[in-house]
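Trainee: Quick one: the structure is below, and I'll ask about it shortly.
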Number of protein chains: 2
Amino acid sequence: MIKVALIFLLLLQFSVHAQSQVSIAKSFEFESKILKEQRTIVVSLPDGYDASKAAYPVIYLLDGVQNLKHVVGSVDVLTRVGSMPPSIIVGIKSENRMKDFSPTKMAGVEESGGAKVFLNFLSKELIPYINNTYRTNDFSVLEGHSLAGLFAAYTLMESPDLFDAYIVMGPAFWWNKEEPAKDFKAFLSDSDTLDKALYFGVGKEDGNRHSLKRFVKELKNTTPKGVRWKHEEFDDEGHMSAPLLNNYFALKFIFSDMRLPQAVMDDFSSEKFLAHEAGIMKKYGQAAKQPQEIYVPLALELMKQKDYAGAVTVFRRNAEAYIMNKYPQNYVWLAEALEKNKQVKEAIKVYEQAYTLSQETGYGEADKFAEKIKELKAKL
Amino acid sequence: MIKVALIFLLLLQFSVHAQSQVSIAKSFEFESKILKEQRTIVVSLPDGYDASKAAYPVIYLLDGVQNLKHVVGSVDVLTRVGSMPPSIIVGIKSENRMKDFSPTKMAGVEESGGAKVFLNFLSKELIPYINNTYRTNDFSVLEGHSLAGLFAAYTLMESPDLFDAYIVMGPAFWWNKEEPAKDFKAFLSDSDTLDKALYFGVGKEDGNRHSLKRFVKELKNTTPKGVRWKHEEFDDEGHMSAPLLNNYFALKFIFSDMRLPQAVMDDFSSEKFLAHEAGIMKKYGQAAKQPQEIYVPLALELMKQKDYAGAVTVFRRNAEAYIMNKYPQNYVWLAEALEKNKQVKEAIKVYEQAYTLSQETGYGEADKFAEKIKELKAKL
C-alpha cells in the first residue's frame, strides 16, 4: 500500500520549496535577582511593529506559555477587526504556581505565600525591562487564570497603579478560606474611585464558579466610581477550557471604547470623529484605529450625502492609518473627495501619491492616475 | 526621562539569555501543476507528533494563513481538555479567492468559476502529498469562510467522499443568485444517507446571515440520514470576526463524540469504557484520549467504590494515554489499584516503572517506590 502510494507520489512529482517556520513570539530566559532564578518569557509583537514608530499597549499574561497560542490567536482576530488596538503580549512561564501566585501562606502548602515576591519581580524587573526594550505606551493589562486570577486581584490591591485593566479567569478565590478574596472586596468597597477595567470570567462547569459568584454579588453594591467591570459565565466550559472564551470576551470588553460610536456615524461631524480617533490613539497608542470596514463605508456614505469635507476627513484618516498597506485605492478615494471638495491642488498631490505607490507595488493603474493628474492640472 | 530609565536599567543589570522563536507551523511553497502556480501551504503538527507513531486527523483550512493563528490556538486548548483529538492543521494560502472558490462563473466577475480546478488541486495534489508526508488517519475536515464556505459546500456535493466533516462559516450562499446554494439544497434532499458532520456558523452582524438562514430552514426538512449538523449565530460578531468563535464551536461539535459519556461514568463497566476508548482511537487516531481530569477522578471514585478491577482499567488507560508525560504518579495510581485488586506481581512491575521514571526525571520519590517494591516482594 505504502509502495503504491510512493510510486503515485513519484509520478506526480510533487515539489516543495523554501520551508520556513511561522513564529508567533520570541522566547528568552530572563535572569531574575528577585526570584533568584531564570524565568522563561515569551514576547509576541504586533504585525507592523518593525515598520512603525508607534508605542503599543502591553498584555501581561500569567501562565504565559500555556496560554500563549490562544491569546495570540484572539488578539490577531480582534486587532484585525478593530475591536482592540495592536498590542504587545508578554507571557511569563509558570514554574511553581502555588508559590508565586498565592498571597498568603496556607496551612499544608509548604511553599505558598510568594505573591509579594512575584509582584516585585513584575514591577521592579520585568515591566522596566519590557518598557526599555520595546515601544510600550501607558496602557497595560494583567491577565491570570485560577491561582493566577487570584494573583491579578492581589496585584490590583497591592499596586493599584501598575496596570489599567485586569482579566481574572476562574480565579482561586477559595484560597485560604476566601481570605484574600475578602481583602479584595474590602479594598474595592473602601476605594471611592478607581479608573480600571475589570473582567471576571468563568466556565459554568468550573468549581471556582461559586466563590466568584459570591464575590461578584457583593461587588455590585460596592463598585468604586470609575470602575468598568463585567462578569460572564460560559456554558459547557470547565476550569481548563474556559480561558479561551474568557480572554476573547475580556479583550472585547476592555477595549470596547475603541469602536467609533454609532452616534458619531449617524450624526457625523469631522470634529467629533477626529476627537474620538485622537482619544483612542492617546489611550491605546498611535497604531489604534478602526477597521477599514468602518472608515470606507462611512466616507462613501458622506460622499453620497455630499458632505465632501467630512469624506475628506475620514478618507485622510483611512489613508494615514493604513499607510503600511501601500494600497493606491486609499489615496484615490481621498483624492476624489478632495476634488469634490474643490481642493484641487491637494487632490493632485494625493493622486501623485497613488501614482508613485502604484508604480512601486505594480498595482497597475498608474496610467489612469497620470491622466487624472494632467486633467486636474489643466483645471488650475 | 529615557536617560534616567537607561541608568535604572544599567543598575539592575537585566540579563537575558538564549533567544528562540515560538513556532506554530511550518510554511512551504507547493508547486501545483493543476493550479499552474506555487501555492503557500502551512502545516501545524500536534504536540508530541515526533515522539509518537500515531496517525492523526487532518483539518484542511482554507484562507489558511489568515486563519492559522486563531485555529491553532483553539485546537491547542480543545485538544488539551480532550474536546478534540490531536490533529494536523493544513492551511492553504489564498491568492485569488474569487476565482478559486466560486463554483460558477458570475456575470461581471471575469475570473470566477474556478472551484472545479481548485478542488482538483486539493484531491489530486495536496491531499495525496499530505497523506504521504505525514501520519494521517482516515478522518478529515474541510473548513472555509465566506466564499471558501461556499466552496466547502460545493466540495461536499462534488466529492462527497473527500472529507468527513465540513465547517461552513459566514458562507457566500448569495453567489450567482443563490444558484450553487440551491444545488447544495437539492443535493442534500436527494441524498438518503450521508455520514457527515456539518457545521454552519455566522455572526449576527454578517450580511451573509440571511441567505444561510434560508438555506438552514430548508435543510431542517430534508436532512439525510447519518448527517449530524448544527447552525449557530453569534451576537455582536461581524463577517470578519465570527470565524474565531465559529471554528471553536464547530470543532467542539464535530468531535463531541470524543468525550466519555456520563452514562459510562455513572454506571461503569470496563467493557463499556474500553469500547468507547477503542472507538475514538479507531475514528480519530491512536492519540485520541480523554483529559486526565476525566480518567483520574473516575478511577479514584472506582477505588472508593472498591471496584478495583475497574480502577485498574482506567488507571492503565491513563498511564498509556499519557506515557509521554513521564509522570511517575500515573504509575503509582495504577500500582495501588493493582495491589488492591490482588495483582501483586503486576503492581511490583508498575512500581518499578515509577521508580525508573522517577530516577530519569528527578521526580524525587524513588526511595519511597523502592521501599514499596521491597514490601510487596515480601508478600509474594
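Residue numbers start at 1 in each chain; chains themselves are named A, B, ... in the order of the C-alpha cells; ligands are numbered from 1 in the order shown.
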Write down as a PyMOL selection string the residues belonging to stretch 28-61 of chain A that are assigned strand (DSSP E) by DSSP computed on the backbone.
Mentor: chain A and resi 28-32+37-44+56-61
Trainee: Provide as a VMD selection string the residues of chain B at most 6 Å from chain A, counting only C-alpha atoms.
Mentor: chain B and resid 15 to 31 69 to 70 73 to 74
Trainee: For stretch 188-190 of chain A, list every protein, DNA or RNA residue within 12 Å, evaluated using only C-alpha atoms, and leave out those in the same chain fewer than 5 positions away; present the list as a PyMOL selection string.
Mentor: chain A and resi 153-154+156-158+160+181-183+195-196+198+215-216+218-227
Trainee: For each of B:Asn176, B:Asp206, B:Asn325, B:Arg214, take the minimum atom-to-atom distance to B:Gly108, counting only C-alpha atoms, then give the residue where this is smallest.
Mentor: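 For B:Gly108, the nearest of the given residues is B:Asn176.
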Trainee: Just give me the gap between atom CA of B:Ala299 and atom CA of B:Val314 in Å, one decimal is fine.
Mentor: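 Taking atom CA of B:Ala299 and atom CA of B:Val314, their separation equals 5.7 Å.
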Trainee: Tell me, in Å to one decimal, how far atom CA of B:Gly203 is from atom CA of B:Leu61.
Mentor: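 Distance between the two atoms: 19.1 Å.
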